[in-house]
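Okay, upload-v8.cif now, which holds mmCIF, C-alpha atoms:
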```cif
data_structure
#
loop_
_atom_site.label_atom_id
_atom_site.label_comp_id
_atom_site.auth_asym_id
_atom_site.auth_seq_id
_atom_site.Cartn_x
_atom_site.Cartn_y
_atom_site.Cartn_z
CA MET E 1125 34.67 -4.90 -15.61
CA ASP E 1126 32.49 -2.16 -14.07
CA ASP E 1127 29.74 -2.75 -16.65
CA ARG E 1128 29.67 -6.47 -15.87
CA ARG E 1129 29.42 -5.90 -12.13
CA LYS E 1130 26.65 -3.38 -12.72
CA LEU E 1131 24.83 -6.04 -14.77
CA ILE E 1132 25.24 -8.58 -11.95
CA LEU E 1133 23.99 -6.11 -9.36
CA GLU E 1134 20.93 -5.24 -11.47
CA ALA E 1135 20.08 -8.93 -11.94
CA VAL E 1136 20.37 -9.68 -8.22
CA THR E 1137 18.30 -6.61 -7.33
CA ASP E 1138 15.55 -7.59 -9.78
CA ARG E 1139 15.45 -11.30 -8.85
CA GLY E 1140 16.32 -11.14 -5.16
CA ALA E 1141 18.72 -14.08 -5.55
CA CYS E 1142 20.73 -15.66 -8.40
CA THR E 1143 22.95 -18.69 -8.84
CA TYR E 1144 26.48 -18.31 -10.19
CA GLY E 1145 25.38 -20.24 -13.27
CA GLN E 1146 22.52 -17.82 -13.97
CA LEU E 1147 24.84 -14.83 -13.68
CA ALA E 1148 27.52 -16.45 -15.85
CA ALA E 1149 24.96 -17.11 -18.60
CA LEU E 1150 23.62 -13.56 -18.34
CA ALA E 1151 27.04 -11.92 -18.50
CA ARG E 1152 28.42 -14.50 -20.98
CA VAL E 1153 31.50 -15.22 -18.91
CA SER E 1154 32.77 -18.15 -16.85
CA THR E 1155 31.47 -18.89 -13.36
CA MET E 1156 34.97 -18.20 -12.02
CA THR E 1157 34.81 -14.68 -13.45
CA VAL E 1158 31.37 -14.18 -11.91
CA ARG E 1159 32.63 -15.43 -8.55
CA ARG E 1160 35.42 -12.83 -8.60
CA ASP E 1161 32.93 -10.09 -9.44
CA VAL E 1162 30.60 -11.25 -6.67
CA GLU E 1163 33.50 -11.28 -4.22
CA ALA E 1164 34.20 -7.64 -5.08
CA LEU E 1165 30.53 -6.66 -4.72
CA ALA E 1166 30.27 -8.55 -1.45
CA SER E 1167 33.31 -6.70 -0.08
CA GLU E 1168 31.40 -3.47 -0.75
CA GLN E 1169 28.34 -4.96 1.05
CA ARG E 1170 26.25 -4.58 -2.10
CA VAL E 1171 25.38 -8.30 -2.28
CA ILE E 1172 25.63 -11.26 0.08
CA LYS E 1173 27.14 -14.59 -0.93
CA VAL E 1174 25.11 -17.73 -0.19
CA VAL E 1175 25.65 -21.39 -1.03
CA GLY E 1176 25.72 -21.68 -4.82
CA GLY E 1177 25.10 -18.03 -5.57
CA VAL E 1178 24.33 -14.54 -4.32
CA ARG E 1179 21.36 -12.61 -2.94
CA ASP E 1180 20.28 -9.04 -2.49
CA ALA E 1181 22.07 -7.47 0.47
CA ARG E 1182 18.92 -5.70 1.66
CA ALA E 1183 16.97 -8.79 2.80
CA THR E 1184 17.25 -11.05 5.82
CA PRO E 1185 18.98 -14.32 4.78
CA SER E 1186 16.51 -16.62 6.52
CA LEU E 1187 13.62 -15.13 4.57
CA TYR E 1188 15.15 -15.85 1.20
CA GLU E 1189 16.22 -19.39 2.12
CA THR E 1190 12.64 -20.69 1.80
CA GLU E 1191 10.40 -22.09 -0.93
CA ILE E 1192 9.86 -18.58 -2.22
CA SER E 1193 13.49 -18.54 -3.39
CA SER E 1194 12.55 -21.00 -6.13
CA ARG E 1195 10.07 -18.44 -7.54
CA LEU E 1196 12.22 -15.31 -7.29
CA GLY E 1197 14.07 -16.04 -10.53
CA VAL E 1198 11.05 -17.19 -12.57
CA ASN E 1199 9.71 -14.98 -15.39
CA VAL E 1200 11.66 -11.99 -14.13
CA PRO E 1201 11.42 -9.88 -17.35
CA GLU E 1202 7.66 -10.37 -17.38
CA LYS E 1203 7.21 -9.56 -13.70
CA THR E 1204 9.46 -6.51 -13.94
CA ALA E 1205 7.49 -5.18 -16.91
CA ILE E 1206 4.15 -5.87 -15.21
CA ALA E 1207 5.35 -4.10 -12.06
CA ALA E 1208 6.39 -1.01 -14.03
CA CYS E 1209 3.02 -0.90 -15.76
CA ALA E 1210 1.13 -1.44 -12.50
CA ARG E 1211 3.04 1.39 -10.84
CA ASP E 1212 1.53 3.79 -13.36
CA LEU E 1213 -1.94 2.85 -12.10
CA ILE E 1214 -1.14 4.29 -8.66
CA ARG E 1215 -1.48 7.97 -7.77
CA PRO E 1216 0.70 9.68 -5.15
CA GLY E 1217 -0.74 9.60 -1.66
CA GLN E 1218 -2.97 6.58 -2.24
CA SER E 1219 -3.33 3.53 -0.02
CA VAL E 1220 -2.58 0.20 -1.70
CA TYR E 1221 -2.68 -3.48 -0.76
CA LEU E 1222 0.03 -5.79 -2.10
CA ASP E 1223 -0.25 -9.54 -1.59
CA GLY E 1224 2.62 -11.89 -0.81
CA SER E 1225 3.44 -12.80 -4.42
CA THR E 1226 6.81 -12.32 -6.12
CA THR E 1227 5.07 -10.12 -8.71
CA CYS E 1228 3.96 -7.75 -5.97
CA LEU E 1229 7.50 -7.84 -4.59
CA HIS E 1230 8.65 -6.44 -7.94
CA LEU E 1231 5.92 -3.80 -7.71
CA ALA E 1232 7.13 -2.86 -4.23
CA ARG E 1233 10.58 -2.19 -5.68
CA LYS E 1234 9.09 0.11 -8.30
CA ILE E 1235 6.86 2.13 -5.99
CA GLY E 1236 9.42 2.24 -3.19
CA ALA E 1237 11.89 4.05 -5.40
CA ALA E 1238 9.27 6.36 -6.91
CA GLY E 1239 8.73 8.55 -3.83
CA MET E 1240 4.94 8.47 -4.07
CA ASN E 1241 4.14 8.94 -0.36
CA LEU E 1242 1.95 5.83 -0.27
CA THR E 1243 0.36 3.83 2.52
CA VAL E 1244 1.17 0.21 1.71
CA VAL E 1245 -0.71 -2.64 3.39
CA THR E 1246 0.73 -6.13 2.99
CA ASN E 1247 0.96 -9.57 4.58
CA SER E 1248 4.45 -10.11 3.12
CA ALA E 1249 7.49 -9.88 5.38
CA LEU E 1250 9.75 -9.71 2.31
CA LEU E 1251 7.81 -6.78 0.95
CA CYS E 1252 8.12 -4.90 4.25
CA LEU E 1253 11.89 -5.30 4.05
CA GLU E 1254 11.84 -4.17 0.42
CA MET E 1255 9.99 -0.98 1.36
CA ALA E 1256 12.03 -0.28 4.49
CA PRO E 1257 14.73 1.92 2.88
CA HIS E 1258 12.08 4.23 1.36
CA ARG E 1259 10.99 6.29 4.35
CA GLY E 1260 8.52 8.42 2.40
CA ASN E 1261 5.96 5.59 2.47
CA THR E 1262 3.97 4.18 5.37
CA VAL E 1263 3.94 0.38 5.57
CA ILE E 1264 1.26 -1.50 7.50
CA ALA E 1265 2.00 -5.18 8.02
CA LEU E 1266 -0.73 -7.70 8.75
CA GLY E 1267 0.26 -9.90 11.67
CA GLY E 1268 -0.61 -13.56 12.05
CA GLN E 1269 0.92 -16.98 11.51
CA PHE E 1270 4.16 -16.83 9.53
CA ASP E 1271 4.24 -19.02 6.43
CA PRO E 1272 7.91 -19.72 5.59
CA ASP E 1273 7.07 -21.01 2.12
CA SER E 1274 5.75 -17.62 1.02
CA GLY E 1275 7.52 -15.34 3.49
CA SER E 1276 4.10 -13.98 4.47
CA PHE E 1277 1.67 -13.83 7.37
CA VAL E 1278 -1.59 -15.76 7.06
CA GLY E 1279 -4.39 -17.12 9.22
CA PRO E 1280 -7.21 -15.65 11.33
CA ALA E 1281 -5.19 -12.79 12.84
CA ALA E 1282 -4.05 -11.52 9.44
CA GLU E 1283 -7.57 -11.90 8.05
CA GLU E 1284 -9.13 -9.98 10.92
CA ALA E 1285 -6.57 -7.17 10.56
CA LEU E 1286 -7.32 -6.84 6.85
CA ARG E 1287 -11.09 -6.73 7.45
CA GLY E 1288 -10.54 -3.59 9.52
CA LEU E 1289 -8.88 -1.68 6.68
CA HIS E 1290 -9.91 -0.17 3.36
CA VAL E 1291 -7.51 0.76 0.56
CA ASP E 1292 -7.76 2.70 -2.69
CA VAL E 1293 -6.21 -0.06 -4.82
CA ALA E 1294 -5.50 -3.74 -4.16
CA PHE E 1295 -3.03 -5.67 -6.31
CA LEU E 1296 -3.35 -9.45 -6.35
CA SER E 1297 -1.45 -12.14 -8.20
CA THR E 1298 -2.68 -15.67 -8.89
CA LYS E 1299 -1.62 -19.27 -9.43
CA GLY E 1300 -3.92 -19.71 -12.41
CA PHE E 1301 -6.31 -17.58 -14.41
CA VAL E 1302 -9.12 -18.54 -16.78
CA PRO E 1303 -10.84 -15.31 -17.89
CA GLU E 1304 -14.20 -17.02 -18.41
CA GLU E 1305 -14.07 -18.42 -14.86
CA GLY E 1306 -11.76 -16.52 -12.51
CA THR E 1307 -8.56 -16.88 -10.49
CA PHE E 1308 -7.30 -20.05 -8.83
CA GLU E 1309 -4.95 -20.82 -5.92
CA SER E 1310 -3.37 -23.98 -4.54
CA SER E 1311 -2.49 -22.52 -1.12
CA PRO E 1312 -5.50 -22.42 1.26
CA PRO E 1313 -3.79 -20.08 3.79
CA SER E 1314 -3.38 -17.28 1.24
CA LEU E 1315 -6.59 -17.52 -0.76
CA GLN E 1316 -8.83 -16.25 2.05
CA LEU E 1317 -6.75 -13.08 2.34
CA LYS E 1318 -7.19 -12.49 -1.39
CA ARG E 1319 -10.95 -12.79 -1.03
CA ILE E 1320 -10.99 -10.34 1.87
CA ALA E 1321 -8.75 -7.86 0.03
CA ALA E 1322 -11.13 -7.92 -2.92
CA GLY E 1323 -13.87 -6.65 -0.65
CA ARG E 1324 -11.78 -4.02 1.12
CA CYS E 1325 -10.68 -1.88 -1.81
CA ALA E 1326 -12.15 0.71 -4.15
CA ARG E 1327 -10.28 -0.75 -7.12
CA LEU E 1328 -9.01 -4.33 -7.67
CA VAL E 1329 -6.16 -5.12 -10.06
CA LEU E 1330 -4.91 -8.57 -11.09
CA LEU E 1331 -1.22 -9.00 -11.93
CA ALA E 1332 -0.80 -12.12 -14.08
CA ASP E 1333 2.02 -12.98 -16.47
CA HIS E 1334 1.24 -15.04 -19.58
CA THR E 1335 2.11 -18.37 -17.92
CA LYS E 1336 -0.89 -18.04 -15.58
CA PHE E 1337 -3.50 -17.91 -18.35
CA GLY E 1338 -5.50 -21.08 -18.93
CA LEU E 1339 -4.36 -22.70 -15.68
CA ARG E 1340 -6.56 -23.92 -12.85
CA ALA E 1341 -5.41 -24.83 -9.36
CA LEU E 1342 -6.98 -26.46 -6.30
CA THR E 1343 -9.51 -23.75 -5.46
CA LYS E 1344 -11.28 -21.02 -7.36
CA VAL E 1345 -10.75 -17.74 -5.51
CA LEU E 1346 -12.39 -14.83 -7.32
CA GLU E 1347 -14.71 -14.30 -10.26
CA THR E 1348 -13.08 -12.37 -13.08
CA SER E 1349 -15.86 -9.77 -12.84
CA LYS E 1350 -14.50 -8.72 -9.42
CA PHE E 1351 -11.46 -7.14 -11.07
CA HIS E 1352 -11.41 -3.63 -12.49
CA ALA E 1353 -8.17 -4.18 -14.40
CA VAL E 1354 -5.70 -6.89 -15.43
CA VAL E 1355 -2.00 -6.21 -16.02
CA THR E 1356 -0.10 -8.81 -18.02
CA ASP E 1357 2.86 -9.10 -20.40
CA ASP E 1358 3.07 -9.09 -24.19
CA GLN E 1359 3.00 -12.88 -24.50
CA ALA E 1360 -0.48 -13.19 -23.02
CA PRO E 1361 -2.94 -14.99 -25.35
CA GLY E 1362 -4.85 -12.54 -27.53
CA ARG E 1363 -8.12 -14.47 -27.27
CA ALA E 1364 -8.05 -14.26 -23.47
CA LEU E 1365 -7.41 -10.52 -23.59
CA SER E 1366 -10.34 -10.10 -25.97
CA VAL E 1367 -12.57 -11.95 -23.52
CA LEU E 1368 -11.51 -9.56 -20.74
CA ARG E 1369 -12.17 -6.49 -22.86
CA ARG E 1370 -15.63 -7.75 -23.79
CA MET E 1371 -16.33 -8.11 -20.07
CA GLY E 1372 -15.54 -4.40 -19.63
CA ILE E 1373 -12.29 -5.02 -17.76
CA GLU E 1374 -9.30 -2.74 -18.39
CA VAL E 1375 -6.40 -4.62 -19.96
CA HIS E 1376 -2.86 -3.29 -19.63
CA VAL E 1377 -0.18 -5.11 -21.62
CA ALA E 1378 3.39 -4.48 -20.50
CA SER E 1379 6.31 -4.79 -22.90
CA ARG E 1380 9.15 -6.89 -21.55
CA LYS E 1381 12.58 -5.29 -21.35
CA PRO E 1382 15.07 -8.00 -20.35
CA ILE E 1383 18.48 -7.03 -18.97
CA ARG E 1384 21.09 -7.34 -21.71
CA ALA E 1385 24.67 -8.34 -21.28
CA SER E 1386 27.24 -5.71 -22.13
CA LYS E 1387 29.78 -6.33 -24.87
CA ARG E 1388 33.11 -7.64 -23.66
#
```
Once you've parsed the file, please lay out its structure as structure tokens.
Amino acid sequence: MDDRRKLILEAVTDRGACTYGQLAALARVSTMTVRRDVEALASEQRVIKVVGGVRDARATPSLYETEISSRLGVNVPEKTAIAACARDLIRPGQSVYLDGSTTCLHLARKIGAAGMNLTVVTNSALLCLEMAPHRGNTVIALGGQFDPDSGSFVGPAAEEALRGLHVDVAFLSTKGFVPEEGTFESSPPSLQLKRIAAGRCARLVLLADHTKFGLRALTKVLETSKFHAVVTDDQAPGRALSVLRRMGIEVHVASRKPIRASKR
């Protein structure tokens, strides 16, 4: 029983939110069993029950009940592995920029718990909440217009605030990535911040799981040559990685380590 509840808690922490069906499949038990476990965890204030499932107790409910909730449970093993690999590219005491992506949210969880005494700049309200319990870091939030679909701040005010800063490392995610061309986005409010961040850092790192390779979206954002490094997972296409290496870009391939159900 304790092992199963630990598994449920780990899944909710990693994904931010899970349905009862997702947890039942993960733990290989019935949804009724999962509901009883969730009830016990909720009574200890370790998770919060929502309609159809459960979410991480550390975040504000209204922030997770947005379009971003549909992305929190997508490609979690890949994003978790990428975040762990990206964390190793950061040195204690550095300043870093993290965009409003779910991949960077996973990275925030990794660096928040690592006690690295970082200065973290972000436009993501969710990320600020994720970093809040870790008082050893300084978090600088970019103000501006709140975008409920991404849980982030965008627009002229956020852009102007970012132009006034400079960080050691900036981590960006992307909607689509074609190594021969660059990164692509479908959300105009966020793409300008990515362009500004690329010019306000000493080192630029792209976080892109294998599903982003070969895809194009509405607008091209950055040339591939702008990036110093790319962090991806072990399902990324080998040909694309070869292209990146020939361009002189560091390639870091993270091995996925999915959460496994305990034996009953």
query = If the PyMOL selection byres ((chain E and resi 1224-1237) around 6) is run on the structure shown, which residues does it catch, given as a VMD selection string?
reply = chain E and resid 1203 1207 1222 to 1223 1238 to 1239 1248 1251 1255 1258 1276
Selection from above, C-alpha atoms, as a JSON list (two decimals), keeping the file's coordinate frame, can you write it?
```
[["chain", "number", "residue", "atom", "x", "y", "z"],
["E", 1203, "LYS", "CA", 7.21, -9.56, -13.70],
["E", 1207, "ALA", "CA", 5.35, -4.10, -12.06],
["E", 1222, "LEU", "CA", 0.03, -5.79, -2.10],
["E", 1223, "ASP", "CA", -0.25, -9.54, -1.59],
["E", 1238, "ALA", "CA", 9.27, 6.36, -6.91],
["E", 1239, "GLY", "CA", 8.73, 8.55, -3.83],
["E", 1248, "SER", "CA", 4.45, -10.11, 3.12],
["E", 1251, "LEU", "CA", 7.81, -6.78, 0.95],
["E", 1255, "MET", "CA", 9.99, -0.98, 1.36],
["E", 1258, "HIS", "CA", 12.08, 4.23, 1.36],
["E", 1276, "SER", "CA", 4.10, -13.98, 4.47]]
```
inquiry  = Ranking E:Pro1257, E:Gly1362, E:Gly1267, E:Gly1323 by minimum distance to E:Leu1346 and counting all atoms listed in the file, which one comes first?
reply    = E:Gly1323
ask   = Mind telling me what the PyMOL selection byres ((chain E and resi 1285) around 12) catches here, as an NGL selection string?
value = :E and (1245-1247 or 1264-1268 or 1277-1284 or 1286-1290 or 1317 or 1320-1321 or 1324)
Ref. answer, residues at most 12 Å from (-3.9, -26.4, -7.3) with all atoms listed in the file, as a PyMOL selection string = chain E and resi 1298-1301+1307-1312+1315+1339-1345
message = Could you tell me how far atom CA of E:Ala1249 sits from atom CA of E:Pro1313, in Å to one decimal place?
response =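 So the answer is 15.3 Å.
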task = State, in Å with one decimal place, the distance from atom CA of E:Leu1131 to atom CA of E:Ala1360.
result =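 Computing it gives 27.6 Å between the two atoms.
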message = Could you tell me how far atom CA of E:Leu1147 sits from atom CA of E:Ala1135, in Å to one decimal place?
response =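 Result for atom CA of E:Ala1135 versus atom CA of E:Leu1147: 7.8 Å, one decimal.
Using all atoms listed in the file, the shortest contact distance between E:Phe1295 and any of E:Arg1170, E:Arg1211, E:Lys1336, E:Arg1380 is found at E:Arg1211.
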Carefully work through the PyMOL selection byres ((chain E and resi 1368) around 10) for this structure and note down the residues it includes, as a PDB file with C-alpha atoms, in the frame of the given file.
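Saved as out_10.pdb:
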```pdb
ATOM      1  CA  PRO E1303     -10.840 -15.310 -17.890  1.00  0.00           C
ATOM      2  CA  GLU E1304     -14.200 -17.020 -18.410  1.00  0.00           C
ATOM      3  CA  THR E1348     -13.080 -12.370 -13.080  1.00  0.00           C
ATOM      4  CA  SER E1349     -15.860  -9.770 -12.840  1.00  0.00           C
ATOM      5  CA  PHE E1351     -11.460  -7.140 -11.070  1.00  0.00           C
ATOM      6  CA  ALA E1353      -8.170  -4.180 -14.400  1.00  0.00           C
ATOM      7  CA  VAL E1354      -5.700  -6.890 -15.430  1.00  0.00           C
ATOM      8  CA  GLY E1362      -4.850 -12.540 -27.530  1.00  0.00           C
ATOM      9  CA  ARG E1363      -8.120 -14.470 -27.270  1.00  0.00           C
ATOM     10  CA  ALA E1364      -8.050 -14.260 -23.470  1.00  0.00           C
ATOM     11  CA  LEU E1365      -7.410 -10.520 -23.590  1.00  0.00           C
ATOM     12  CA  SER E1366     -10.340 -10.100 -25.970  1.00  0.00           C
ATOM     13  CA  VAL E1367     -12.570 -11.950 -23.520  1.00  0.00           C
ATOM     14  CA  ARG E1369     -12.170  -6.490 -22.860  1.00  0.00           C
ATOM     15  CA  ARG E1370     -15.630  -7.750 -23.790  1.00  0.00           C
ATOM     16  CA  MET E1371     -16.330  -8.110 -20.070  1.00  0.00           C
ATOM     17  CA  GLY E1372     -15.540  -4.400 -19.630  1.00  0.00           C
ATOM     18  CA  ILE E1373     -12.290  -5.020 -17.760  1.00  0.00           C
ATOM     19  CA  GLU E1374      -9.300  -2.740 -18.390  1.00  0.00           C
ATOM     20  CA  VAL E1375      -6.400  -4.620 -19.960  1.00  0.00           C
TER      21      VAL E1375
END
```
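By all atoms listed in the file, and with residues fewer than 5 positions from E:Asn1261 along its chain excluded, the set lying at most 9 Å from it is E:Gly1217, E:Gly1236, E:Gly1239, E:Met1240, E:Asn1241, E:Leu1242, E:Thr1243, E:Val1244, E:Met1255, E:Ala1256.
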request  = Excluding E:Thr1356 and any residue of its chain fewer than 5 positions from it, enumerate the residues within 6 Å of it, using all atoms listed in the file, and give them as number ranges by chain.
outcome  = E: 1206, 1332-1333, 1377
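Shortest atom-to-atom contact with E:Ala1322 among E:Thr1157, E:Val1263, E:Tyr1221, E:Ala1164: E:Tyr1221, counting all atoms listed in the file.
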